[in-house]
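Next comes input-v1.cif, a file with mmCIF, C-alpha atoms.
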data_coords
loop_
_atom_site.label_atom_id
_atom_site.label_comp_id
_atom_site.auth_asym_id
_atom_site.auth_seq_id
_atom_site.Cartn_x
_atom_site.Cartn_y
_atom_site.Cartn_z
CA MET A 151 -67.93 87.25 -279.70
CA LYS A 152 -64.89 85.10 -278.99
CA LEU A 153 -62.03 85.30 -276.51
CA HIS A 154 -58.52 85.96 -277.77
CA SER A 155 -56.16 83.02 -277.28
CA SER A 156 -54.14 84.99 -274.70
CA ALA A 157 -57.30 85.50 -272.63
CA ILE A 158 -58.02 81.78 -272.77
CA GLU A 159 -54.47 81.01 -271.64
CA GLU A 160 -54.86 83.41 -268.68
CA ILE A 161 -58.15 81.78 -267.64
CA VAL A 162 -56.70 78.26 -267.88
CA SER A 163 -53.68 79.34 -265.85
CA LEU A 164 -55.90 80.86 -263.15
CA CYS A 165 -57.94 77.65 -263.01
CA ASP A 166 -54.78 75.58 -262.63
CA VAL A 167 -53.45 77.75 -259.82
CA HIS A 168 -56.63 78.60 -257.90
CA GLY A 169 -59.01 75.75 -258.76
CA GLY A 170 -59.63 72.55 -256.86
CA THR A 171 -60.76 74.00 -253.56
CA PRO A 172 -64.19 73.29 -252.12
CA ASP A 173 -66.74 75.44 -254.01
CA ASN A 174 -63.85 77.20 -255.85
CA VAL A 175 -64.73 80.44 -254.04
CA LYS A 176 -61.37 82.10 -254.64
CA LEU A 177 -61.32 81.09 -258.32
CA LYS A 178 -64.85 82.41 -258.87
CA LYS A 179 -63.89 85.76 -257.30
CA ILE A 180 -60.75 86.05 -259.44
CA LEU A 181 -62.63 85.15 -262.63
CA ALA A 182 -65.42 87.62 -261.79
CA ASP A 183 -62.82 90.39 -261.46
CA ILE A 184 -61.25 89.89 -264.92
CA ASP A 185 -61.84 92.84 -267.24
CA PHE A 186 -62.17 92.34 -270.98
CA THR A 187 -62.04 94.89 -273.79
CA PRO A 188 -63.61 94.38 -277.22
CA TYR A 189 -61.02 94.63 -279.98
CA GLU A 190 -61.43 94.53 -283.75
CA GLN A 191 -58.73 92.36 -285.28
CA LYS A 192 -56.70 94.18 -287.90
CA SER A 193 -55.86 91.07 -289.90
CA GLY A 194 -57.93 88.29 -291.37
CA ASN A 195 -61.68 88.81 -291.37
CA GLN A 196 -61.52 91.61 -288.78
CA ASP A 197 -63.64 89.85 -286.14
CA MET A 198 -64.48 91.58 -282.88
CA ILE A 199 -62.85 89.61 -280.04
CA LEU A 200 -62.43 90.07 -276.30
CA VAL A 201 -58.94 90.68 -274.98
CA LEU A 202 -57.73 91.13 -271.42
CA THR A 203 -57.97 94.83 -270.57
CA LYS A 204 -54.62 94.79 -268.74
CA ARG A 205 -52.95 93.28 -271.82
CA PHE A 206 -54.70 95.78 -274.11
CA ILE A 207 -53.41 98.72 -272.03
CA GLN A 208 -49.87 97.25 -272.03
CA GLU A 209 -49.95 96.99 -275.83
CA LEU A 210 -51.24 100.56 -276.19
CA ASN A 211 -48.50 101.88 -273.92
CA ALA A 212 -45.85 99.89 -275.80
CA ALA A 213 -47.13 101.29 -279.12
CA LYS A 214 -46.78 104.86 -277.78
CA VAL A 215 -43.13 104.21 -276.93
CA ARG A 216 -42.31 102.89 -280.42
#
Show me the file's structure as structure tokens.
Amino acid sequence: MKLHSSAIEEIVSLCDVHGGTPDNVKLKKILADIDFTPYEQKSGNQDMILVLTKRFIQELNAAKVR
């Protein structure tokens, strides 16, 4: 299973902001607390990917408003 590109961007951003300290304790804690949700892509070959749960919930709520 792969990570969605938005999840990768979030992880890279967190590493940029919170990385570089001795033992990276804070970064490890933040990364351990990230929640992912499996999602079946609706286009292409319909792979199952992992998306950020907070982003998934935002998209669901936005779809309800539409």
Practice item. Identify, on the basis of all atoms listed in the file, every residue whose closest approach to Ile158 (chain A) does not exceed 12 Å; exclude the query and any residue fewer than 4 positions from it along the same chain; express the result as a ChimeraX atom specification. Key: /A:152-154,162-165,181,184,186,199-202
Residues returned when the PyMOL selection byres ((chain A and resi 198) around 8) runs on this file, as a compact mmCIF listing (two decimals) with C-alpha atoms, in the frame of the given file:
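Output below, filename selection23.txt:
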# COMPACT_ATOMS: atom_id res chain seq x y z
CA MET A 151 -67.93 87.25 -279.70
CA LYS A 152 -64.89 85.10 -278.99
CA PRO A 188 -63.61 94.38 -277.22
CA TYR A 189 -61.02 94.63 -279.98
CA GLU A 190 -61.43 94.53 -283.75
CA GLN A 191 -58.73 92.36 -285.28
CA GLN A 196 -61.52 91.61 -288.78
CA ASP A 197 -63.64 89.85 -286.14
CA ILE A 199 -62.85 89.61 -280.04
CA LEU A 200 -62.43 90.07 -276.30
Exercise for review: Counting only C-alpha atoms, figure out which residue out of A:Ile161, A:Gln208, A:Ser156, A:Arg216 gets nearest to Asp183 (chain A).
Suggested key: A:Ile161
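The coordinates place CA of Asn174 (chain A) at 25.1 Å from CA of Arg205 (chain A).
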Please report, as AutoDock Vina command-line options, the centre and edge lengths in Å to one decimal of an axis-aligned box covering all listed atoms of region 207-212 of chain A with 8 Å per side.
--center_x -49.6 --center_y 99.4 --center_z -274.1 --size_x 23.6 --size_y 20.9 --size_z 20.2
Review point. Can you tell me how far CA of Val175 (chain A) sits from CA of Thr203 (chain A), in Å to one decimal?
Key: 22.9 Å
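Across the model, the gap from CA of Asn211 (chain A) to CA of Leu177 (chain A) is 29.0 Å.
Compared by their closest atoms to Phe206 (chain A), and using all atoms listed in the file, the residues A:Asp173, A:Asp166, A:Glu159, A:Asp185 rank with A:Asp185 nearest.
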At the level of all heavy atoms, write region 198-212 of chain A to a file as a PDB file, in the first residue's frame, please.
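Result went into selection-v8.pdb, see below:
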ATOM      1  N   MET A 198      -5.534   0.927  -3.680  1.00  0.00           N
ATOM      2  CA  MET A 198      -5.811   1.295  -2.302  1.00  0.00           C
ATOM      3  C   MET A 198      -4.592   2.071  -1.812  1.00  0.00           C
ATOM      4  O   MET A 198      -3.461   1.599  -1.926  1.00  0.00           O
ATOM      5  CB  MET A 198      -6.028   0.053  -1.451  1.00  0.00           C
ATOM      6  CG  MET A 198      -6.516   0.342  -0.062  1.00  0.00           C
ATOM      7  SD  MET A 198      -8.177   1.028  -0.012  1.00  0.00           S
ATOM      8  CE  MET A 198      -9.160  -0.428  -0.246  1.00  0.00           C
ATOM      9  N   ILE A 199      -4.805   3.285  -1.326  1.00  0.00           N
ATOM     10  CA  ILE A 199      -3.713   4.131  -0.839  1.00  0.00           C
ATOM     11  C   ILE A 199      -4.047   4.610   0.561  1.00  0.00           C
ATOM     12  O   ILE A 199      -5.194   4.533   1.005  1.00  0.00           O
ATOM     13  CB  ILE A 199      -3.474   5.343  -1.774  1.00  0.00           C
ATOM     14  CG1 ILE A 199      -4.728   6.200  -1.886  1.00  0.00           C
ATOM     15  CG2 ILE A 199      -2.972   4.899  -3.126  1.00  0.00           C
ATOM     16  CD1 ILE A 199      -4.529   7.501  -2.605  1.00  0.00           C
ATOM     17  N   LEU A 200      -3.050   5.129   1.263  1.00  0.00           N
ATOM     18  CA  LEU A 200      -3.257   5.709   2.584  1.00  0.00           C
ATOM     19  C   LEU A 200      -3.294   7.217   2.462  1.00  0.00           C
ATOM     20  O   LEU A 200      -2.413   7.825   1.851  1.00  0.00           O
ATOM     21  CB  LEU A 200      -2.139   5.290   3.542  1.00  0.00           C
ATOM     22  CG  LEU A 200      -2.082   3.814   3.898  1.00  0.00           C
ATOM     23  CD1 LEU A 200      -0.856   3.520   4.748  1.00  0.00           C
ATOM     24  CD2 LEU A 200      -3.341   3.390   4.627  1.00  0.00           C
ATOM     25  N   VAL A 201      -4.333   7.808   3.035  1.00  0.00           N
ATOM     26  CA  VAL A 201      -4.468   9.255   3.059  1.00  0.00           C
ATOM     27  C   VAL A 201      -4.500   9.705   4.516  1.00  0.00           C
ATOM     28  O   VAL A 201      -4.786   8.911   5.416  1.00  0.00           O
ATOM     29  CB  VAL A 201      -5.753   9.719   2.321  1.00  0.00           C
ATOM     30  CG1 VAL A 201      -5.697   9.354   0.852  1.00  0.00           C
ATOM     31  CG2 VAL A 201      -7.003   9.150   2.957  1.00  0.00           C
ATOM     32  N   LEU A 202      -4.196  10.968   4.747  1.00  0.00           N
ATOM     33  CA  LEU A 202      -4.282  11.501   6.103  1.00  0.00           C
ATOM     34  C   LEU A 202      -5.747  11.505   6.536  1.00  0.00           C
ATOM     35  O   LEU A 202      -6.623  11.992   5.812  1.00  0.00           O
ATOM     36  CB  LEU A 202      -3.741  12.920   6.150  1.00  0.00           C
ATOM     37  CG  LEU A 202      -2.256  13.083   5.853  1.00  0.00           C
ATOM     38  CD1 LEU A 202      -1.918  14.546   5.647  1.00  0.00           C
ATOM     39  CD2 LEU A 202      -1.431  12.487   6.970  1.00  0.00           C
ATOM     40  N   THR A 203      -6.019  10.964   7.711  1.00  0.00           N
ATOM     41  CA  THR A 203      -7.401  10.880   8.198  1.00  0.00           C
ATOM     42  C   THR A 203      -8.020  12.266   8.313  1.00  0.00           C
ATOM     43  O   THR A 203      -9.176  12.461   7.915  1.00  0.00           O
ATOM     44  CB  THR A 203      -7.453  10.148   9.544  1.00  0.00           C
ATOM     45  OG1 THR A 203      -6.925   8.826   9.356  1.00  0.00           O
ATOM     46  CG2 THR A 203      -8.862  10.066  10.087  1.00  0.00           C
ATOM     47  N   LYS A 204      -7.262  13.247   8.811  1.00  0.00           N
ATOM     48  CA  LYS A 204      -7.824  14.599   8.954  1.00  0.00           C
ATOM     49  C   LYS A 204      -8.214  15.169   7.599  1.00  0.00           C
ATOM     50  O   LYS A 204      -9.244  15.825   7.464  1.00  0.00           O
ATOM     51  CB  LYS A 204      -6.859  15.530   9.695  1.00  0.00           C
ATOM     52  CG  LYS A 204      -5.584  15.854   8.957  1.00  0.00           C
ATOM     53  CD  LYS A 204      -4.698  16.784   9.774  1.00  0.00           C
ATOM     54  CE  LYS A 204      -3.443  17.133   8.994  1.00  0.00           C
ATOM     55  NZ  LYS A 204      -2.569  18.026   9.747  1.00  0.00           N
ATOM     56  N   ARG A 205      -7.428  14.888   6.575  1.00  0.00           N
ATOM     57  CA  ARG A 205      -7.724  15.366   5.218  1.00  0.00           C
ATOM     58  C   ARG A 205      -8.930  14.634   4.639  1.00  0.00           C
ATOM     59  O   ARG A 205      -9.772  15.216   3.975  1.00  0.00           O
ATOM     60  CB  ARG A 205      -6.489  15.148   4.349  1.00  0.00           C
ATOM     61  CG  ARG A 205      -6.467  15.815   3.044  1.00  0.00           C
ATOM     62  CD  ARG A 205      -5.939  17.261   3.195  1.00  0.00           C
ATOM     63  NE  ARG A 205      -5.774  17.857   1.909  1.00  0.00           N
ATOM     64  CZ  ARG A 205      -4.619  17.946   1.267  1.00  0.00           C
ATOM     65  NH1 ARG A 205      -3.531  17.513   1.820  1.00  0.00           N
ATOM     66  NH2 ARG A 205      -4.571  18.500   0.084  1.00  0.00           N
ATOM     67  N   PHE A 206      -9.024  13.335   4.913  1.00  0.00           N
ATOM     68  CA  PHE A 206     -10.137  12.513   4.460  1.00  0.00           C
ATOM     69  C   PHE A 206     -11.454  13.030   5.044  1.00  0.00           C
ATOM     70  O   PHE A 206     -12.450  13.177   4.326  1.00  0.00           O
ATOM     71  CB  PHE A 206      -9.890  11.059   4.880  1.00  0.00           C
ATOM     72  CG  PHE A 206     -10.935  10.091   4.419  1.00  0.00           C
ATOM     73  CD1 PHE A 206     -10.999   9.694   3.093  1.00  0.00           C
ATOM     74  CD2 PHE A 206     -11.851   9.559   5.313  1.00  0.00           C
ATOM     75  CE1 PHE A 206     -11.957   8.795   2.664  1.00  0.00           C
ATOM     76  CE2 PHE A 206     -12.809   8.658   4.892  1.00  0.00           C
ATOM     77  CZ  PHE A 206     -12.861   8.272   3.571  1.00  0.00           C
ATOM     78  N   ILE A 207     -11.459  13.344   6.334  1.00  0.00           N
ATOM     79  CA  ILE A 207     -12.658  13.862   6.998  1.00  0.00           C
ATOM     80  C   ILE A 207     -13.033  15.226   6.426  1.00  0.00           C
ATOM     81  O   ILE A 207     -14.216  15.504   6.193  1.00  0.00           O
ATOM     82  CB  ILE A 207     -12.445  13.928   8.529  1.00  0.00           C
ATOM     83  CG1 ILE A 207     -12.363  12.504   9.084  1.00  0.00           C
ATOM     84  CG2 ILE A 207     -13.554  14.719   9.210  1.00  0.00           C
ATOM     85  CD1 ILE A 207     -11.909  12.426  10.523  1.00  0.00           C
ATOM     86  N   GLN A 208     -12.040  16.084   6.170  1.00  0.00           N
ATOM     87  CA  GLN A 208     -12.311  17.394   5.566  1.00  0.00           C
ATOM     88  C   GLN A 208     -12.981  17.232   4.214  1.00  0.00           C
ATOM     89  O   GLN A 208     -13.942  17.944   3.890  1.00  0.00           O
ATOM     90  CB  GLN A 208     -11.018  18.200   5.391  1.00  0.00           C
ATOM     91  CG  GLN A 208     -10.430  18.702   6.688  1.00  0.00           C
ATOM     92  CD  GLN A 208      -9.048  19.321   6.487  1.00  0.00           C
ATOM     93  OE1 GLN A 208      -8.415  19.155   5.438  1.00  0.00           O
ATOM     94  NE2 GLN A 208      -8.560  19.994   7.515  1.00  0.00           N
ATOM     95  N   GLU A 209     -12.483  16.313   3.406  1.00  0.00           N
ATOM     96  CA  GLU A 209     -13.053  16.083   2.074  1.00  0.00           C
ATOM     97  C   GLU A 209     -14.473  15.535   2.167  1.00  0.00           C
ATOM     98  O   GLU A 209     -15.345  15.914   1.382  1.00  0.00           O
ATOM     99  CB  GLU A 209     -12.171  15.140   1.261  1.00  0.00           C
ATOM    100  CG  GLU A 209     -10.836  15.728   0.879  1.00  0.00           C
ATOM    101  CD  GLU A 209     -10.965  16.901  -0.081  1.00  0.00           C
ATOM    102  OE1 GLU A 209     -11.876  16.907  -0.930  1.00  0.00           O
ATOM    103  OE2 GLU A 209     -10.138  17.831   0.030  1.00  0.00           O
ATOM    104  N   LEU A 210     -14.719  14.635   3.125  1.00  0.00           N
ATOM    105  CA  LEU A 210     -16.077  14.106   3.300  1.00  0.00           C
ATOM    106  C   LEU A 210     -17.042  15.214   3.701  1.00  0.00           C
ATOM    107  O   LEU A 210     -18.159  15.282   3.193  1.00  0.00           O
ATOM    108  CB  LEU A 210     -16.086  13.016   4.373  1.00  0.00           C
ATOM    109  CG  LEU A 210     -15.563  11.645   3.999  1.00  0.00           C
ATOM    110  CD1 LEU A 210     -15.629  10.715   5.184  1.00  0.00           C
ATOM    111  CD2 LEU A 210     -16.357  11.063   2.832  1.00  0.00           C
ATOM    112  N   ASN A 211     -16.621  16.053   4.633  1.00  0.00           N
ATOM    113  CA  ASN A 211     -17.470  17.157   5.075  1.00  0.00           C
ATOM    114  C   ASN A 211     -17.729  18.149   3.949  1.00  0.00           C
ATOM    115  O   ASN A 211     -18.845  18.667   3.809  1.00  0.00           O
ATOM    116  CB  ASN A 211     -16.864  17.860   6.288  1.00  0.00           C
ATOM    117  CG  ASN A 211     -16.923  17.008   7.518  1.00  0.00           C
ATOM    118  OD1 ASN A 211     -17.754  16.120   7.660  1.00  0.00           O
ATOM    119  ND2 ASN A 211     -16.011  17.247   8.447  1.00  0.00           N
ATOM    120  N   ALA A 212     -16.735  18.414   3.139  1.00  0.00           N
ATOM    121  CA  ALA A 212     -16.885  19.332   2.008  1.00  0.00           C
ATOM    122  C   ALA A 212     -17.856  18.734   0.981  1.00  0.00           C
ATOM    123  O   ALA A 212     -18.641  19.473   0.371  1.00  0.00           O
ATOM    124  CB  ALA A 212     -15.534  19.622   1.372  1.00  0.00           C
TER     125      ALA A 212
END
